[in-house]
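Visitor: Let me give you the structure first, and then I'll get to my questions.
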Number of protein chains: 2
Amino acid sequence: MNINRQRLLDNLQRYGQIGQAQETGVERIALSEEDKTARDLLKQQMLEAGLVVSIDQIGNMIGIRQGERDVPPVAMGSHLDTVYQGGRYDGALGVLAGLEVIQSLNDQNISTEKPIALINFTNEEGVRFAPDMMGSHVLAHPELLEEILESPAYDNPEHTVGNQLEAIGYKGDMPCGSLKLDSFLELHIEQGPTLELEKTDIGAVEMVQGIYWTRYMIHGQANHAGTTPIRYRKDAGYAASEVMHYIGDYARRADSKVLTTVGTISFEPNAINIVPERAHFTLDLRSVDYEALKQGQTDIDQKINAVVLEAGLSLEREEMVRFAPVHFDPSIVKLVADGAKDLGLSVKQMPSGAGHDAQMVAAVCPAAMIFVPSVAGISHNVKEYTQPDDLENGANVLANAILSRTGRL
Amino acid sequence: MNINRQRLLDNLQRYGQIGQAQETGVERIALSEEDKTARDLLKQQMLEAGLVVSIDQIGNMIGIRQGERDVPPVAMGSHLDTVYQGGRYDGALGVLAGLEVIQSLNDQNISTEKPIALINFTNEEGVRFAPDMMGSHVLAHPELLEEILESPAYDNPEHTVGNQLEAIGYKGDMPCGSLKLDSFLELHIEQGPTLELEKTDIGAVEMVQGIYWTRYMIHGQANHAGTTPIRYRKDAGYAASEVMHYIGDYARRADSKVLTTVGTISFEPNAINIVPERAHFTLDLRSVDYEALKQGQTDIDQKINAVVLEAGLSLEREEMVRFAPVHFDPSIVKLVADGAKDLGLSVKQMPSGAGHDAQMVAAVCPAAMIFVPSVAGISHNVKEYTQPDDLENGANVLANAILSRTGRL
């Protein structure tokens with residue numbers, strides 16, 4: 001089957017105007033007014049497409065298209081929330097292509113053996129509320145619900161997930177995790193440059209690399225930059241620079257199996273003529289290889305400890321995120337890859353570098369992902385873009401994989 | 001002669017309450033309400049001590065005690081402004097010890113051949129308005145007056161030096177530089193650990209090391225930390241870490257004649273999972289050796305250029321400060337050193353690591369400085385402290401040097 005290309009493009013355009021940022025971007029932070037507007041539109045479109053819509057206790061929106069048999073549905077979906085000054089495709093593509101699949105099934109009067117579920121997950125980005133991938137996380141781990149409902153906004157501790165879900169009218173009553181799923185597929189833009197650079201149409205995502213986030217604070221002593229001889233200094237900034245240099249080199253070694261990024265840093269007091277008393281920085285460490293991931297974290301921590309000890313400084317360290325690599329279900333990955341080839345598209349089996357809702361759902365049912373190219377690999381940016389042909393290809397691969405899994409009648 | 005120790009301590013205590021910060025500190029930013037309060041008190045005390053008070057066009061306060069002869073005055077002074085969360089002694093000691101010298105001369109009915117001037121310079125710290133050492137700089141270079149009056153506050157571009165001087169009532173009409181000086185002496189805390197560590201009472205400051213401040217901005221490309229292979233990255237943060245590590249090592253070489261400090265840094269967009277697009281940092285480079293200072297700047301710039309070129313990044317560079325080392329007048333330095341020895345104090349001839357008003361005044365008359373120990377070398381901090389005995393010793397050395405230079409009648 002083929003989806004309706006123009007309707008998909010029009011719908012992406014329409015959602016792109018909800019929270020439009022600059023000309024081409026979107027800023028639709030989870031649980032904001034813009035999120036509510038987008039959710040309301042999706043709910044209306046789901047109902048128009050004949051779906052039975054439920055909202056669960058963490059605000060996930062679930063629309064079900066009945067199948068011939070009363071069995072767990074084959075699910076698809078992603079998220080409608082974005083980062084600050086984000087793009088039109090990250091998240092929205094997976095939801096709207098899923099809607100398009102259902103609309104096309106309706107247009108073509110296709111019934112399926114198993115039901116189909118379309119899911120819009122709450123707060124995938126984690127911009128205002130931790131953790132990210134929140135809705136899918138709680139779907140897989142309902143025992144975390146109460147704790148996560150209390151999670152405060154970074155910018156306003158009086159705003160919690162729970163009271164902001166209520167404020168936008170999406171604190172549902174369907175128990176999280178009560179809906180059993182047959183399987184799950186998420187279509188998403190790659191957010192990296194590989195498919196485009198390798199001129200490949202479709203990524204059949206076989207795993208999500210592991211992600212460790214760690215926050216470090218090196219504590220030294222503030223001193224006057226002009227009057228304090230080097231031998232009397234306890235320079236937290238210099239120690240941080242040595243560690244950061246090591247971290248960068250670590251991923252640049254020829255045999256390295258990890259990615260390292262130091263994306264944030266700050267000094268205190270941060271004055272041109274004062275030796276830094278404190279240096280704060282973060283490490284984003286990723287690998288498809290769990291052993292390499294753990295070894296990388298160990299090696300980097302050993303280096304930091306050695307630098308701090310030798311310089312007479314002290315260290316604080318906070319583990320923010322520890323996600324082991326997630327391997328998707330080989331049969332679902334094969335379904336995606338074979339389906340794409342049947343459509344005459346080129347396919348690469350590849351890992352995902354970013355985290356996605358599908359990795360959470362993979363804990364409760366067979367799951368996989370479909371990637372389409374991101375122009376120049378740009379994402380989390382108003383310049384994020386994917387060519388219409390690639391959007392259409394991705395939606396068609398999704399449609400056919402869903403149809404294979406549900407069984408066409 | 002001896003000054004009145006208790007009066008000096010009481011007066012330091014009194015000024016310490018104007019803009020008091022935490023228990024022991026002071027926050028009296030130049031041209032603030034607190035600065036005005038301190039200036040008003042100083043003006044009143046100058047008048048009570050019989051001085052003729054003038055305010056010049058950059059707001060420097062000048063009080064003159066008549067001498068027997070109508071010749072240029074022997075001057076002393078420093079500044080009453082502080083950094084954010086600064087201490088009681090940096091600046092204030094030089095002004096208030098100068099006042100104490102005059103009060104003691106009055107008490108002891110001592111007349112001098114030459115007049116004596118007490119100066120409170122405007123905005124030595126440069127916290128809100130650039131450049132620092134502003135009042136003494138304009139005193140030595142009156143041709144800069146108009147430009148500097150337009151200098152905007154870092155935190156509010158509508159506030160200029162000129163309109164804020166007017167706002168606190170210290171935009172005077174005495175032409176800058178119109179007063180010729182016989183000589184100048186500034187008593188100041190060391191702001192470093194050397195005198196205390198070497199158990200020395202007095203520093204006879206023979207020079208101020210050269211200071212170069214440079215601001216760098218490395219420009220790369222923002223990318224997703226999870227999806228962008230290392231080979232496709234243009235990581236401004238990693239490049240900055242390599243350069244900062246080099247800068248720190250440069251001053252730590254056994255034969256190094258320079259001090260280096262990277263005191264400020266920021267990344268953009270500064271997100272844990274985004275490769276930094278921009279890294280901003282500053283270099284504070286100092287040396288007593290002018291050739292070493294220039295060579296250090298050249299070596300560091302070459303390293304930055306090489307790193308940026310190899311990584312395919314781009315660089316912006318702004319020279320903020322270029323002060324060559326300043327050598328004080330040997331006869332004034334000797335006056336200080338001999339005078340201290342006559343009082344039974346131990347003396348070290350030493351350079352100043354920090355910049356001071358005296359280095360500016362040295363361009364127009366013979367000048368030097370007197371240092372007293374700073375406990376633990378701490379300065380620009382509410383914990384800044386100098387022992388009462390050291391405060392008294394410094395004021396006595398100042399008094400006797402002034403008296404030698406003016407000629408006691």
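We label chains A, B, ... in the order they appear in the structure tokens, count residues from 1 in each chain, and number ligands from 1 in the order shown.
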Select all residues from chain B having any atom no more than 8 Å from an atom of chain A (counting only C-alpha atoms, ignoring ligands), output as a PyMOL selection string.

Guide: chain B and resi 190-193+213+223-230+237-238+241-242+244-245+248+251-252+259-267+270-276+282-284+286+352-354+377-380

Visitor: Could you dump the residues just selected with C-alpha atoms as a tab-separated table (two decimals), in the first residue's frame?

Guide:
chain	number	residue	atom	x	y	z
B	190	GLU	CA	49.75	42.80	48.45
B	191	GLN	CA	46.79	40.66	47.29
B	192	GLY	CA	49.19	37.74	47.03
B	193	PRO	CA	50.80	35.35	49.50
B	213	TRP	CA	44.04	40.38	28.44
B	223	ASN	CA	25.59	18.83	16.32
B	224	HIS	CA	23.77	16.12	18.16
B	225	ALA	CA	26.14	14.42	20.59
B	226	GLY	CA	24.64	11.00	19.98
B	227	THR	CA	24.28	10.92	16.22
B	228	THR	CA	27.31	12.79	14.91
B	229	PRO	CA	30.41	10.66	14.37
B	230	ILE	CA	33.60	12.26	15.66
B	237	GLY	CA	34.58	23.05	23.03
B	238	TYR	CA	37.14	20.33	22.41
B	241	SER	CA	39.99	22.47	25.98
B	242	GLU	CA	43.15	21.69	24.01
B	244	MET	CA	43.31	25.93	27.62
B	245	HIS	CA	45.34	22.90	28.59
B	248	GLY	CA	47.94	26.19	31.68
B	251	ALA	CA	53.05	28.77	32.73
B	252	ARG	CA	53.89	25.50	34.49
B	259	LEU	CA	51.63	33.70	34.59
B	260	THR	CA	48.63	32.45	32.63
B	261	THR	CA	45.02	32.26	33.77
B	262	VAL	CA	41.90	31.24	31.90
B	263	GLY	CA	39.34	32.71	34.27
B	264	THR	CA	36.20	32.74	32.12
B	265	ILE	CA	34.61	30.32	29.73
B	266	SER	CA	31.25	29.67	28.15
B	267	PHE	CA	29.91	27.35	25.49
B	270	ASN	CA	25.75	24.80	26.38
B	271	ALA	CA	23.56	21.71	26.30
B	272	ILE	CA	24.74	18.37	27.61
B	273	ASN	CA	23.91	16.52	24.38
B	274	ILE	CA	24.95	19.11	21.80
B	275	VAL	CA	28.47	19.50	20.41
B	276	PRO	CA	29.47	23.10	21.29
B	282	THR	CA	39.71	34.71	28.11
B	283	LEU	CA	43.44	34.73	28.69
B	284	ASP	CA	45.07	36.74	31.46
B	286	ARG	CA	51.34	38.52	32.93
B	352	SER	CA	53.32	43.92	41.84
B	353	GLY	CA	51.35	41.16	40.21
B	354	ALA	CA	48.18	43.22	40.02
B	377	GLY	CA	47.04	36.03	49.82
B	378	ILE	CA	43.25	36.30	49.60
B	379	SER	CA	41.82	39.33	47.86
B	380	HIS	CA	38.82	40.32	45.74

Visitor: Write out as a VMD selection string all residues of stretch 265-392 of chain B that backbone DSSP assigns to helix (DSSP H, G or I).

Guide: chain B and resid 290 to 310 330 to 342 357 to 361 375 to 377 388 to 392

Visitor: Would you mind reading off the distance between atom CA of A:Gly91 and atom CA of A:Ser78, one decimal, in Å?

Guide: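 According to the coordinates, atom CA of A:Gly91 and atom CA of A:Ser78 are separated by 5.3 Å.
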
Visitor: Leaving out stretch 393-401 of chain A and any residue of its chain fewer than 6 positions from it, which residues lie within 7 Å of it when counting only C-alpha atoms, given as a list in words?

Guide: Met1, Asn2, Ile3, Ala97, Val101, Leu187, Ile202, Leu335, Val336, Gly339, Ala340, Ile370 and Val372 of chain A

Visitor: Please identify all polymer residues within 12 Å of B:Met360, counting only C-alpha atoms, omitting same-chain residues fewer than 6 positions from it, and present them as a PyMOL selection string.

Guide: chain B and resi 78+121+124+132-142+177+184-186+207-208+323-328+366-369

Visitor: At what distance in Å, to one decimal, does atom CA of A:Glu113 lie from atom CA of A:Leu343?

Guide: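 Between these atoms lies a distance of 22.7 Å.
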
Visitor: What's the separation between atom CA of B:Gln45 and atom CA of B:Leu12, in Å to one decimal place?

Guide: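 One can read the atom CA of B:Gln45 to atom CA of B:Leu12 distance as 13.0 Å.
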
Visitor: Just want the 8 Å neighbourhood of stretch 54-59 of chain A, counted on only C-alpha atoms, with same-chain residues fewer than 4 positions away dropped. Output as a PyMOL selection string.

Guide: chain A and resi 63+121-122+135+138+145+149+162+165+170-176

Visitor: Please write the residues from the selection above to a file, keeping N, CA and C atoms, as an mmCIF file, in the first residue's frame.

Guide:
data_model
loop_
_atom_site.group_PDB
_atom_site.id
_atom_site.type_symbol
_atom_site.label_atom_id
_atom_site.label_comp_id
_atom_site.auth_asym_id
_atom_site.auth_seq_id
_atom_site.Cartn_x
_atom_site.Cartn_y
_atom_site.Cartn_z
ATOM 1 N N GLY A 63 -4.697 6.080 20.447
ATOM 2 C CA GLY A 63 -5.878 5.899 19.596
ATOM 3 C C GLY A 63 -5.851 4.489 19.020
ATOM 4 N N PHE A 121 3.497 10.054 22.754
ATOM 5 C CA PHE A 121 4.068 9.967 24.098
ATOM 6 C C PHE A 121 4.303 11.352 24.699
ATOM 7 N N THR A 122 4.122 11.443 26.010
ATOM 8 C CA THR A 122 4.330 12.692 26.749
ATOM 9 C C THR A 122 5.828 12.960 26.953
ATOM 10 N N GLY A 135 6.940 9.641 28.905
ATOM 11 C CA GLY A 135 5.706 8.897 28.696
ATOM 12 C C GLY A 135 5.971 7.429 28.408
ATOM 13 N N VAL A 138 7.292 5.618 31.593
ATOM 14 C CA VAL A 138 6.258 5.242 32.575
ATOM 15 C C VAL A 138 5.355 4.150 32.006
ATOM 16 N N LEU A 145 5.157 5.963 38.207
ATOM 17 C CA LEU A 145 4.202 7.042 37.917
ATOM 18 C C LEU A 145 4.165 8.129 38.979
ATOM 19 N N LEU A 149 5.199 12.068 38.452
ATOM 20 C CA LEU A 149 4.180 13.135 38.461
ATOM 21 C C LEU A 149 4.615 14.297 39.353
ATOM 22 N N GLY A 162 2.545 16.534 37.142
ATOM 23 C CA GLY A 162 1.148 16.255 37.456
ATOM 24 C C GLY A 162 0.272 17.488 37.313
ATOM 25 N N LEU A 165 0.052 18.602 33.618
ATOM 26 C CA LEU A 165 -0.834 17.725 32.836
ATOM 27 C C LEU A 165 -2.288 18.122 33.087
ATOM 28 N N TYR A 170 -4.707 16.994 30.141
ATOM 29 C CA TYR A 170 -4.271 15.684 29.657
ATOM 30 C C TYR A 170 -3.758 14.769 30.776
ATOM 31 N N LYS A 171 -4.324 14.941 31.971
ATOM 32 C CA LYS A 171 -4.058 13.986 33.042
ATOM 33 C C LYS A 171 -5.144 12.923 32.942
ATOM 34 N N GLY A 172 -4.837 11.863 32.195
ATOM 35 C CA GLY A 172 -5.878 10.871 31.915
ATOM 36 C C GLY A 172 -6.057 9.881 33.051
ATOM 37 N N ASP A 173 -7.002 8.969 32.875
ATOM 38 C CA ASP A 173 -7.262 7.999 33.934
ATOM 39 C C ASP A 173 -6.974 6.557 33.520
ATOM 40 N N MET A 174 -6.543 6.349 32.290
ATOM 41 C CA MET A 174 -6.199 4.991 31.876
ATOM 42 C C MET A 174 -4.895 4.594 32.605
ATOM 43 N N PRO A 175 -4.922 3.484 33.324
ATOM 44 C CA PRO A 175 -3.703 3.105 34.059
ATOM 45 C C PRO A 175 -2.523 2.873 33.102
ATOM 46 N N CYS A 176 -1.380 3.437 33.471
ATOM 47 C CA CYS A 176 -0.201 3.267 32.616
ATOM 48 C C CYS A 176 0.171 1.799 32.536
#

Visitor: Excluding same-chain residues fewer than 5 positions from A:Tyr89, what lies within 10 Å of it counting only C-alpha atoms, as a short mmCIF file (atom, residue, chain, number, x, y, z; two decimals) with C-alpha atoms, in the first residue's frame?

Guide:
data_model
loop_
_atom_site.label_atom_id
_atom_site.label_comp_id
_atom_site.auth_asym_id
_atom_site.auth_seq_id
_atom_site.Cartn_x
_atom_site.Cartn_y
_atom_site.Cartn_z
CA LEU A 12 3.35 18.20 8.94
CA GLN A 13 3.03 21.79 7.72
CA TYR A 15 1.52 21.04 13.05
CA GLY A 16 4.63 23.04 12.18
CA GLY A 25 11.19 25.75 13.30
CA VAL A 26 8.89 24.76 16.12
CA LEU A 80 4.68 15.91 19.49
CA THR A 82 10.01 19.60 20.83
CA GLY A 94 6.38 9.46 13.78
CA VAL A 95 2.99 10.55 15.11
CA LEU A 96 1.69 12.10 11.90
CA HIS A 188 11.89 9.10 13.12
CA ILE A 189 14.37 11.33 11.35
CA GLN A 191 19.18 13.38 13.42
CA SER A 374 18.16 14.38 8.03
CA SER A 379 18.39 18.40 14.37
CA HIS A 380 17.23 20.10 17.57
CA GLU A 384 16.07 20.60 10.77
CA TYR A 385 14.84 19.32 7.41
CA THR A 386 13.96 16.09 5.64
CA LEU A 391 9.16 11.54 4.43
#

Visitor: From stretch 107-290 of chain A, collect each residue whose DSSP state is strand (DSSP E) and return the set as a PyMOL selection string.

Guide: chain A and resi 116-121+152-153+156-160+183-189+202-208+210-219+223-224+259-261+265-268+274-275+278-287

Visitor: Name all residues at most 8 Å from A:Ile168 (count only C-alpha atoms; drop same-chain ones fewer than 3 positions away) and give them as a list in words.

Guide: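 Once the nearby chain positions are removed, what remains is Leu31, Ser32, Glu33, Lys36, Gln164 and Leu165 of chain A.
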
Visitor: Let me see the file: selected residues, N, CA and C atoms, as a PDB file, in the first residue's frame.

Guide:
ATOM      1  N   LEU A  31       3.834  19.927  27.724  1.00  0.00           N
ATOM      2  CA  LEU A  31       2.883  20.426  28.725  1.00  0.00           C
ATOM      3  C   LEU A  31       2.694  21.939  28.666  1.00  0.00           C
ATOM      4  N   SER A  32       3.094  22.535  27.568  1.00  0.00           N
ATOM      5  CA  SER A  32       2.864  23.967  27.349  1.00  0.00           C
ATOM      6  C   SER A  32       1.513  24.162  26.655  1.00  0.00           C
ATOM      7  N   GLU A  33       1.127  25.413  26.466  1.00  0.00           N
ATOM      8  CA  GLU A  33      -0.079  25.741  25.707  1.00  0.00           C
ATOM      9  C   GLU A  33       0.006  25.200  24.279  1.00  0.00           C
ATOM     10  N   LYS A  36      -0.669  21.575  24.235  1.00  0.00           N
ATOM     11  CA  LYS A  36      -2.109  21.341  24.354  1.00  0.00           C
ATOM     12  C   LYS A  36      -2.799  21.544  22.995  1.00  0.00           C
ATOM     13  N   GLN A 164       0.844  20.249  35.717  1.00  0.00           N
ATOM     14  CA  GLN A 164       0.832  20.802  34.360  1.00  0.00           C
ATOM     15  C   GLN A 164       0.059  19.915  33.394  1.00  0.00           C
ATOM     16  N   LEU A 165       0.052  18.602  33.618  1.00  0.00           N
ATOM     17  CA  LEU A 165      -0.834  17.725  32.836  1.00  0.00           C
ATOM     18  C   LEU A 165      -2.288  18.122  33.087  1.00  0.00           C
TER      19      LEU A 165
END

Visitor: Using only C-alpha atoms, pick whichever of B:Ile218, B:Val321, B:Leu409, B:Ala254 has the shortest atom-to-atom distance to B:Arg278.

Guide: B:Ile218

Visitor: Closest to A:Ile18 among A:Ala49, A:Ile300, A:Cys365, A:Ala92, using only C-alpha atoms?

Guide: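 Distance minimum relative to A:Ile18 lands on A:Ala92.
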